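Raw protein_4.txt, compact mmCIF, C-alpha atoms:
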```
# COMPACT_ATOMS: atom_id res chain seq x y z
CA MET A 1 23.30 -39.31 12.91
CA LYS A 2 22.54 -40.98 9.59
CA LEU A 3 18.81 -41.19 10.35
CA LEU A 4 18.65 -37.56 11.48
CA THR A 5 20.51 -36.39 8.37
CA THR A 6 18.16 -38.42 6.16
CA ILE A 7 15.07 -36.92 7.88
CA ILE A 8 16.44 -33.34 7.54
CA ALA A 9 17.33 -34.01 3.89
CA PHE A 10 13.82 -35.26 3.12
CA ILE A 11 12.16 -32.33 4.92
CA GLY A 12 14.45 -29.94 3.04
CA LEU A 13 13.61 -31.63 -0.26
CA ILE A 14 9.85 -31.47 0.40
CA ILE A 15 10.11 -27.74 1.23
CA THR A 16 12.30 -27.15 -1.85
CA LEU A 17 9.80 -28.88 -4.14
CA ALA A 18 6.86 -27.10 -2.49
CA PHE A 19 8.59 -23.74 -2.91
CA THR A 20 9.25 -24.59 -6.56
CA VAL A 21 5.49 -24.52 -7.15
CA PHE A 22 5.04 -21.08 -5.52
CA PRO A 23 6.48 -17.94 -7.10
CA ILE A 24 8.71 -17.09 -4.15
CA GLY A 25 11.94 -17.12 -6.14
CA TYR A 26 15.19 -16.97 -4.22
CA LEU A 27 13.77 -18.26 -0.92
CA THR A 28 13.94 -21.83 -2.32
CA ILE A 29 17.72 -21.71 -2.16
CA PHE A 30 17.78 -22.17 1.65
CA PRO A 31 16.01 -25.55 1.89
CA ALA A 32 17.82 -26.62 -1.29
CA ILE A 33 21.24 -25.89 0.27
CA ILE A 34 20.26 -27.79 3.45
CA THR A 35 19.14 -30.77 1.34
CA ILE A 36 22.34 -30.69 -0.72
CA LEU A 37 24.54 -30.51 2.42
CA CYS A 38 22.65 -33.38 4.03
CA GLY A 39 22.89 -35.29 0.73
CA ILE A 40 26.69 -34.83 0.70
CA ILE A 41 26.95 -36.04 4.32
CA LEU A 42 24.80 -39.10 3.50
CA TYR A 43 26.90 -39.72 0.38
CA LYS A 44 30.11 -39.77 2.46
CA ILE A 45 28.57 -41.95 5.19
CA ASN A 46 27.23 -44.46 2.64
CA SER A 47 30.52 -44.45 0.73
CA ASN A 48 32.46 -45.25 3.93
CA GLU A 49 29.96 -47.97 4.82
CA GLU A 50 30.14 -49.24 1.21
CA LYS A 51 26.38 -48.95 0.88
CA SER A 52 24.22 -47.68 -2.00
CA ILE A 53 24.76 -44.02 -2.84
CA LEU A 54 21.62 -43.79 -4.99
CA LEU A 55 19.48 -42.05 -2.32
CA PRO A 56 22.01 -39.23 -1.56
CA LYS A 57 22.52 -38.70 -5.30
CA LEU A 58 18.75 -38.52 -5.82
CA LEU A 59 18.33 -36.01 -2.93
CA ILE A 60 21.15 -33.80 -4.22
CA GLY A 61 19.89 -34.02 -7.82
CA LEU A 62 16.27 -33.15 -6.98
CA ALA A 63 17.34 -30.27 -4.69
CA ILE A 64 19.55 -28.83 -7.44
CA ILE A 65 16.73 -29.17 -10.02
CA GLY A 66 14.24 -27.53 -7.60
CA ALA A 67 16.61 -24.65 -6.88
CA ILE A 68 17.37 -24.12 -10.60
CA ILE A 69 13.64 -24.09 -11.49
CA SER A 70 12.85 -21.61 -8.71
CA LEU A 71 15.80 -19.32 -9.43
CA SER A 72 15.05 -19.36 -13.15
CA ARG A 73 11.41 -18.50 -12.50
CA GLY A 74 12.45 -15.74 -10.14
CA TYR A 75 14.89 -14.37 -12.70
CA LEU A 76 12.72 -14.75 -15.79
CA THR A 77 9.29 -13.86 -14.40
CA SER A 78 8.81 -10.12 -14.23
CA ASP A 79 6.47 -8.31 -11.87
CA ILE A 80 3.46 -7.56 -14.04
CA VAL A 81 -0.10 -6.74 -13.07
CA ALA A 82 -2.76 -8.30 -15.28
CA GLU A 83 -5.38 -6.17 -17.00
CA ASP A 84 -8.54 -6.75 -14.99
CA GLU A 85 -11.68 -5.40 -16.60
CA THR A 86 -13.89 -6.45 -13.69
CA PHE A 87 -11.72 -4.49 -11.28
CA GLU A 88 -11.72 -1.47 -13.62
CA GLN A 89 -15.52 -1.61 -13.78
CA ARG A 90 -15.71 -1.87 -9.98
CA GLN A 91 -13.60 1.28 -9.72
CA GLU A 92 -15.72 3.18 -12.24
CA LYS A 93 -18.96 2.16 -10.54
CA SER A 94 -17.56 3.09 -7.14
CA ASN A 95 -16.57 6.52 -8.46
CA GLN A 96 -20.02 7.12 -9.96
CA ASP A 97 -21.72 6.03 -6.72
CA ALA A 98 -19.44 8.37 -4.75
CA ILE A 99 -20.34 11.32 -6.99
CA ASP A 100 -24.02 10.57 -6.32
CA ASP A 101 -23.30 10.47 -2.57
CA LEU A 102 -21.36 13.74 -2.75
CA GLU A 103 -24.30 15.35 -4.58
CA GLY A 104 -26.51 14.11 -1.76
CA LEU A 105 -24.21 15.71 0.82
CA GLU A 106 -24.46 19.19 -0.78
CA MET B 1 -11.70 58.29 -15.57
CA ILE B 2 -11.02 57.26 -11.96
CA VAL B 3 -14.21 55.18 -11.92
CA GLN B 4 -13.11 53.46 -15.12
CA PHE B 5 -9.65 52.80 -13.64
CA ILE B 6 -11.20 51.29 -10.52
CA LYS B 7 -13.52 49.22 -12.69
CA ILE B 8 -10.65 47.92 -14.83
CA THR B 9 -8.49 47.31 -11.76
CA PHE B 10 -11.35 45.38 -10.14
CA ILE B 11 -11.90 43.35 -13.32
CA ILE B 12 -8.17 42.59 -13.61
CA LEU B 13 -8.03 41.66 -9.94
CA SER B 14 -11.12 39.50 -10.33
CA ILE B 15 -9.63 37.76 -13.35
CA THR B 16 -6.24 37.28 -11.70
CA SER B 17 -7.72 36.08 -8.43
CA PHE B 18 -10.03 33.76 -10.34
CA SER B 19 -7.17 32.40 -12.39
CA THR B 20 -5.17 31.99 -9.17
CA ILE B 21 -8.01 29.95 -7.74
CA LYS B 22 -8.18 28.00 -10.99
CA ALA B 23 -4.44 27.41 -10.90
CA GLN B 24 -4.58 26.34 -7.26
CA GLU B 25 -7.67 24.30 -7.87
CA LEU B 26 -7.54 20.85 -6.47
CA SER B 27 -3.96 21.27 -5.49
CA SER B 28 -2.78 20.80 -1.96
CA LYS B 29 0.54 21.92 -0.50
CA SER B 30 2.47 18.83 -1.57
CA PHE B 31 0.40 17.14 -4.24
CA LYS B 32 -2.02 17.93 -7.01
CA SER B 33 -4.75 16.29 -9.00
CA GLY B 34 -3.36 13.80 -11.50
CA GLU B 35 -0.49 12.58 -9.35
CA HIS B 36 0.24 8.88 -9.76
CA LEU B 37 2.60 6.96 -7.49
CA THR B 38 3.38 3.29 -8.07
CA TYR B 39 4.78 1.01 -5.39
CA GLN B 40 6.11 -2.50 -5.30
CA ALA B 41 4.84 -4.41 -2.28
CA SER B 42 7.12 -7.05 -0.78
CA TYR B 43 6.57 -9.47 2.05
CA ASN B 44 9.40 -10.60 4.30
CA MET B 45 9.75 -14.38 4.23
CA SER B 46 12.57 -15.63 6.46
CA GLY B 47 14.59 -12.50 5.79
CA VAL B 48 14.06 -12.59 2.03
CA LEU B 49 11.79 -9.94 0.54
CA THR B 50 9.40 -11.47 -1.97
CA THR B 51 7.52 -9.12 -4.27
CA PHE B 52 3.83 -9.90 -4.48
CA ALA B 53 1.76 -6.87 -5.46
CA GLN B 54 1.63 -3.46 -7.02
CA VAL B 55 0.08 -0.59 -5.11
CA ASP B 56 -1.01 2.53 -6.95
CA LEU B 57 -1.86 5.86 -5.35
CA LYS B 58 -3.70 8.25 -7.64
CA THR B 59 -5.28 11.64 -7.20
CA ALA B 60 -7.98 13.00 -9.49
CA THR B 61 -10.50 15.80 -9.63
CA VAL B 62 -14.12 14.88 -9.12
CA LYS B 63 -16.78 17.44 -9.90
CA THR B 64 -20.34 17.54 -8.74
CA SER B 65 -22.92 20.11 -9.77
CA LYS B 66 -21.77 22.47 -7.00
CA ASN B 67 -18.26 21.54 -5.86
CA SER B 68 -14.98 19.98 -6.80
CA TYR B 69 -13.29 17.34 -4.69
CA LEU B 70 -10.02 15.52 -4.72
CA HIS B 71 -10.38 11.80 -5.24
CA LEU B 72 -7.59 9.87 -3.50
CA LYS B 73 -7.47 6.33 -4.79
CA CYS B 74 -5.33 3.45 -3.61
CA THR B 75 -5.44 0.15 -5.48
CA ALA B 76 -3.58 -3.05 -4.69
CA ASN B 77 -3.17 -5.75 -7.34
CA THR B 78 -1.20 -8.95 -6.92
CA TYR B 79 1.30 -9.67 -9.67
CA THR B 80 0.17 -12.22 -12.29
CA LYS B 81 2.61 -14.79 -10.84
CA TRP B 82 0.62 -14.71 -7.57
CA ASP B 83 -2.88 -14.45 -9.06
CA ASN B 84 -3.32 -18.24 -9.24
CA PHE B 85 -2.43 -18.64 -5.56
CA PHE B 86 -3.82 -15.57 -3.84
CA LYS B 87 -5.47 -12.92 -5.96
CA ILE B 88 -5.86 -9.48 -4.41
CA ARG B 89 -7.88 -6.67 -6.00
CA ASP B 90 -8.25 -4.06 -3.28
CA LEU B 91 -9.59 -0.56 -3.64
CA TYR B 92 -9.37 2.13 -0.97
CA GLU B 93 -10.53 5.63 -1.78
CA ALA B 94 -11.33 8.93 -0.15
CA TYR B 95 -13.06 12.01 -1.47
CA VAL B 96 -11.56 15.00 0.27
CA SER B 97 -11.36 18.76 0.29
CA PRO B 98 -8.50 19.67 -2.06
CA TYR B 99 -7.09 22.23 0.35
CA THR B 100 -7.56 20.83 3.84
CA VAL B 101 -7.73 17.12 2.91
CA THR B 102 -10.84 16.91 5.09
CA PRO B 103 -12.61 13.69 4.10
CA TYR B 104 -16.22 13.61 2.91
CA ILE B 105 -16.45 10.00 1.81
CA TYR B 106 -14.25 6.98 2.41
CA LYS B 107 -14.72 3.73 0.56
CA ARG B 108 -13.11 0.35 0.78
CA ASP B 109 -13.81 -2.47 -1.66
CA ASN B 110 -11.59 -5.48 -1.07
CA ASN B 111 -11.55 -8.74 -2.93
CA GLU B 112 -8.88 -10.96 -1.47
CA ASN B 113 -8.98 -14.39 -3.06
CA GLY B 114 -12.76 -14.20 -3.32
CA THR B 115 -13.32 -12.79 0.17
CA ILE B 116 -15.32 -9.61 -0.24
CA ARG B 117 -15.16 -6.75 2.23
CA LYS B 118 -16.81 -3.44 1.49
CA GLU B 119 -17.08 -0.35 3.60
CA LYS B 120 -18.34 3.15 3.02
CA TYR B 121 -18.23 6.11 5.39
CA ILE B 122 -20.07 9.32 4.74
CA TYR B 123 -18.69 11.99 7.05
CA LYS B 124 -21.10 14.48 8.56
CA GLY B 125 -18.97 16.46 10.98
CA GLN B 126 -18.12 14.08 13.80
CA ASN B 127 -20.76 11.59 12.75
CA ILE B 128 -20.20 8.84 10.26
CA LYS B 129 -22.94 7.12 8.33
CA SER B 130 -21.40 3.78 7.47
CA THR B 131 -22.40 0.89 5.27
CA PHE B 132 -20.46 -2.33 5.26
CA VAL B 133 -20.50 -5.77 3.73
CA ARG B 134 -18.35 -8.58 5.02
CA GLY B 135 -18.26 -11.98 3.34
CA ARG B 136 -21.69 -13.19 2.38
CA SER B 137 -23.52 -11.12 4.95
CA GLY B 138 -25.79 -8.50 3.47
CA GLU B 139 -25.33 -4.78 3.67
CA ILE B 140 -25.27 -3.51 7.25
CA LYS B 141 -25.83 0.15 8.08
CA GLU B 142 -24.46 1.75 11.21
CA ASN B 143 -24.01 5.30 12.42
CA PHE B 144 -21.24 6.18 14.84
CA THR B 145 -19.37 9.20 16.12
CA ILE B 146 -15.69 9.97 15.85
CA PRO B 147 -13.46 12.45 17.69
CA ALA B 148 -12.69 15.71 15.91
CA ASN B 149 -9.97 15.60 13.25
CA THR B 150 -10.33 11.87 12.71
CA ARG B 151 -9.51 10.67 9.24
CA ASP B 152 -9.59 7.40 7.35
CA ILE B 153 -6.36 5.68 6.38
CA VAL B 154 -6.21 7.06 2.81
CA SER B 155 -6.76 10.70 3.66
CA THR B 156 -4.37 10.33 6.64
CA LEU B 157 -1.53 9.38 4.30
CA TYR B 158 -2.11 12.50 2.22
CA TYR B 159 -2.70 14.62 5.33
CA ILE B 160 0.74 13.60 6.63
CA ARG B 161 2.25 14.86 3.38
CA ASN B 162 0.79 18.28 4.07
CA LEU B 163 2.32 18.56 7.55
CA PRO B 164 5.22 21.02 7.96
CA ILE B 165 7.75 18.22 8.45
CA SER B 166 10.71 20.39 7.48
CA ASN B 167 10.25 22.32 10.73
CA ALA B 168 10.24 19.18 12.90
CA LYS B 169 13.11 18.13 15.12
CA ALA B 170 14.13 14.52 15.76
CA GLY B 171 11.93 13.19 18.55
CA ASP B 172 8.97 15.45 17.80
CA GLN B 173 5.65 13.64 18.03
CA LYS B 174 2.13 14.22 16.79
CA ASP B 175 -0.95 12.31 17.85
CA PHE B 176 -3.85 11.75 15.51
CA ASN B 177 -6.89 9.51 15.07
CA ILE B 178 -7.66 7.04 12.31
CA VAL B 179 -11.02 5.45 11.70
CA PHE B 180 -10.73 1.89 10.39
CA ASP B 181 -13.19 -0.99 10.56
CA ARG B 182 -15.68 1.43 12.16
CA LYS B 183 -13.38 1.95 15.13
CA THR B 184 -11.31 4.99 15.99
CA LYS B 185 -7.66 4.26 16.63
CA SER B 186 -5.16 6.65 18.17
CA ALA B 187 -1.82 6.80 16.47
CA THR B 188 1.41 8.66 17.01
CA LEU B 189 3.78 9.99 14.41
CA SER B 190 7.34 10.48 15.57
CA PHE B 191 9.94 12.30 13.52
CA MET B 192 13.15 10.28 13.48
CA GLY B 193 15.38 12.54 11.40
CA THR B 194 16.47 12.20 7.79
CA GLU B 195 17.90 9.27 5.87
CA THR B 196 18.87 8.58 2.26
CA VAL B 197 16.82 5.81 0.67
CA ASN B 198 18.05 3.87 -2.33
CA THR B 199 15.29 3.37 -4.91
CA ILE B 200 14.88 2.60 -8.60
CA LEU B 201 14.55 6.36 -9.03
CA GLY B 202 17.93 6.94 -7.38
CA ASN B 203 19.07 7.92 -3.91
CA ILE B 204 16.44 10.10 -2.29
CA LYS B 205 16.92 12.08 0.91
CA CYS B 206 13.91 11.35 3.09
CA TYR B 207 12.25 12.34 6.33
CA LYS B 208 12.02 9.25 8.52
CA ILE B 209 8.75 9.05 10.40
CA GLY B 210 7.79 6.34 12.84
CA VAL B 211 4.10 5.42 13.02
CA SER B 212 2.66 3.50 15.93
CA LEU B 213 -0.89 2.68 16.88
CA LYS B 214 -1.74 2.70 20.54
CA LYS B 215 -3.71 -0.19 22.06
CA GLU B 216 -3.86 -1.91 18.77
CA ASN B 217 -2.45 -5.09 17.31
CA LEU B 218 -3.01 -4.23 13.69
CA LEU B 219 0.34 -2.57 13.43
CA LYS B 220 2.36 -3.66 16.43
CA GLY B 221 5.29 -2.18 18.23
CA LYS B 222 6.39 1.40 18.59
CA ALA B 223 7.89 2.85 15.42
CA ASN B 224 8.04 -0.57 13.81
CA ASN B 225 6.14 1.03 10.98
CA ILE B 226 8.31 3.55 9.27
CA LEU B 227 7.41 6.02 6.60
CA TYR B 228 10.15 7.58 4.50
CA ILE B 229 8.92 10.80 2.86
CA SER B 230 11.06 12.63 0.32
CA ALA B 231 12.64 15.69 1.91
CA ASP B 232 11.45 18.04 -0.81
CA LYS B 233 8.29 20.03 -1.53
CA ASN B 234 6.48 16.99 -2.96
CA LYS B 235 6.91 14.92 0.23
CA VAL B 236 6.39 11.71 -1.67
CA PRO B 237 6.24 8.54 0.44
CA VAL B 238 9.27 6.74 -0.96
CA LEU B 239 9.38 3.72 1.30
CA ILE B 240 6.89 2.35 3.80
CA LYS B 241 8.05 -0.40 6.14
CA PHE B 242 5.26 -2.12 8.01
CA ASN B 243 4.86 -4.76 10.69
CA ILE B 244 1.65 -6.72 10.99
CA PRO B 245 0.87 -9.62 13.33
CA VAL B 246 1.62 -12.15 10.57
CA GLY B 247 4.95 -10.68 9.52
CA SER B 248 6.51 -7.66 7.95
CA GLY B 249 6.95 -6.10 4.57
CA GLN B 250 7.49 -2.92 2.65
CA LEU B 251 6.15 -0.72 -0.10
CA LYS B 252 8.84 0.79 -2.31
CA LEU B 253 8.25 3.59 -4.79
CA ILE B 254 8.98 2.47 -8.36
CA LYS B 255 7.29 5.22 -10.37
CA ALA B 256 6.19 8.78 -9.69
CA GLN B 257 4.22 10.72 -12.28
CA ASN B 258 2.76 14.19 -12.40
CA LEU B 259 4.25 15.46 -9.16
CA LYS B 260 3.39 18.98 -8.11
CA TYR B 261 6.98 20.29 -8.07
```
As structure tokens - that is how I would like this structure written.
Amino acid sequence: MKLLTTIIAFIGLIITLAFTVFPIGYLTIFPAIITILCGIILYKINSNEEKSILLPKLLIGLAIIGAIISLSRGYLTSDIVAEDETFEQRQEKSNQDAIDDLEGLE
Amino acid sequence: MIVQFIKITFIILSITSFSTIKAQELSSKSFKSGEHLTYQASYNMSGVLTTFAQVDLKTATVKTSKNSYLHLKCTANTYTKWDNFFKIRDLYEAYVSPYTVTPYIYKRDNNENGTIRKEKYIYKGQNIKSTFVRGRSGEIKENFTIPANTRDIVSTLYYIRNLPISNAKAGDQKDFNIVFDRKTKSATLSFMGTETVNTILGNIKCYKIGVSLKKENLLKGKANNILYISADKNKVPVLIKFNIPVGSGQLKLIKAQNLKY
């Protein structure tokens, strides 16, 4: 039970931290919640066994930090498209080429 | 006197009919030149929709020495937040007849994270003169034939807008052909009634149309791809829900400019 919970907590934490890097916003909350729940279970188990509670605290802390970073990024980052001159030029060239092709069709 | 009257009448008629043509110029039943629709593209990740790109649909007039055409342009740009991970700069365009939306040229110029894919079709009746570039391979030319009334994906979208949807009854179906990747694909449109869609622009009453491709995995499942078109004269695609082999997503209208009505 304890081993399984620790494994799930670590997997959850890895996914949370990985998701923190990517701009996928609110999706990070799911692995973070799993990690926090597993962390709480480990905390209770270790407290009952009078063992170190540093690891559960660390898991819970990192998951919370990861979730806050992701949620903040999701909330603060707006959906903007960058100005792309190369793409604009591609579009203009394509249009000019098409006009030439249309002239050829007539 | 009578001759003069006839002359004047003819001139007036000529002027009015000319101005009518001018006014109707490059204007189809549901859209006109200069229309600009902006969509937010989202991908479904474990039930959570994550926005990743902006899709723009624009129409413009293109003039040659003899004719005028309607240029239908679709661009897809990933948002800046995604550009460092997976940058998409896709261009799909069609040059069509402004009245019948019959395509003359279709072009595709995709750059997806550095992967280049280009395609050009020049329609000559039921024959297509195609040129394509995929990855680092050079330009390949190929001619192939298509069934009558086959359109590319861009002109199909606009063609659907010109259909008399208001007369359709729930369950009505229409088959059509799409040419994509130099292959003709049969597709079926099925009218599924009306539904109100909540958007940034407010609640819009829409025609709900299911789109399914037969014998094709590109868009899988019957009516898993749903097109919501505004139930007004403009017939603007308000929401497009799609299913692809690697997941699902949607395109939601966030801005509509220069509509016909």
Exercise answer, chain B residues close to chain A, 10 Å and all atoms listed in the file, as a PyMOL selection string: chain B and resi 40+45-54+62-69+71+73+75-85+89-95+104-109+111+120+122-124
Point-to-point distance from atom CA of B:Ile209 to atom CA of B:Asn258, Å rounded to tenths: 24.1 Å
Polymer residues at most 12 Å from B:Ser137, all atoms listed in the file, same-chain spacing of 6 or more positions, as an MDAnalysis selection string: chainID B and resid 115:118
For atom CA of A:Gly12 and atom CA of A:Thr35, the interatomic separation in Å (one decimal): 5.1 Å
Point-to-point distance in Å for atom CA of B:Glu35 and atom CA of B:Val197: 21.1 Å
B:Gly125, B:Gly34, B:Gly114, B:Gly171 ranked by distance to B:Ala256, top pick (using all atoms listed in the file):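 For B:Ala256, the nearest of the candidates is B:Gly34.
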Which of A:Leu76, A:Ser70, A:Asp97, A:Ile45 sits closest to A:Phe19 [using all atoms listed in the file]: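 Of all the options, A:Ser70 lies closest to A:Phe19.
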Shell around stretch 248-251 of chain B at 8 Å using only C-alpha atoms, local window under 2 positions removed, as JSON, numbers by chain: {"B": [39, 40, 41, 42, 43, 44, 49, 55, 239, 240, 241, 242, 243, 244, 246, 253]}
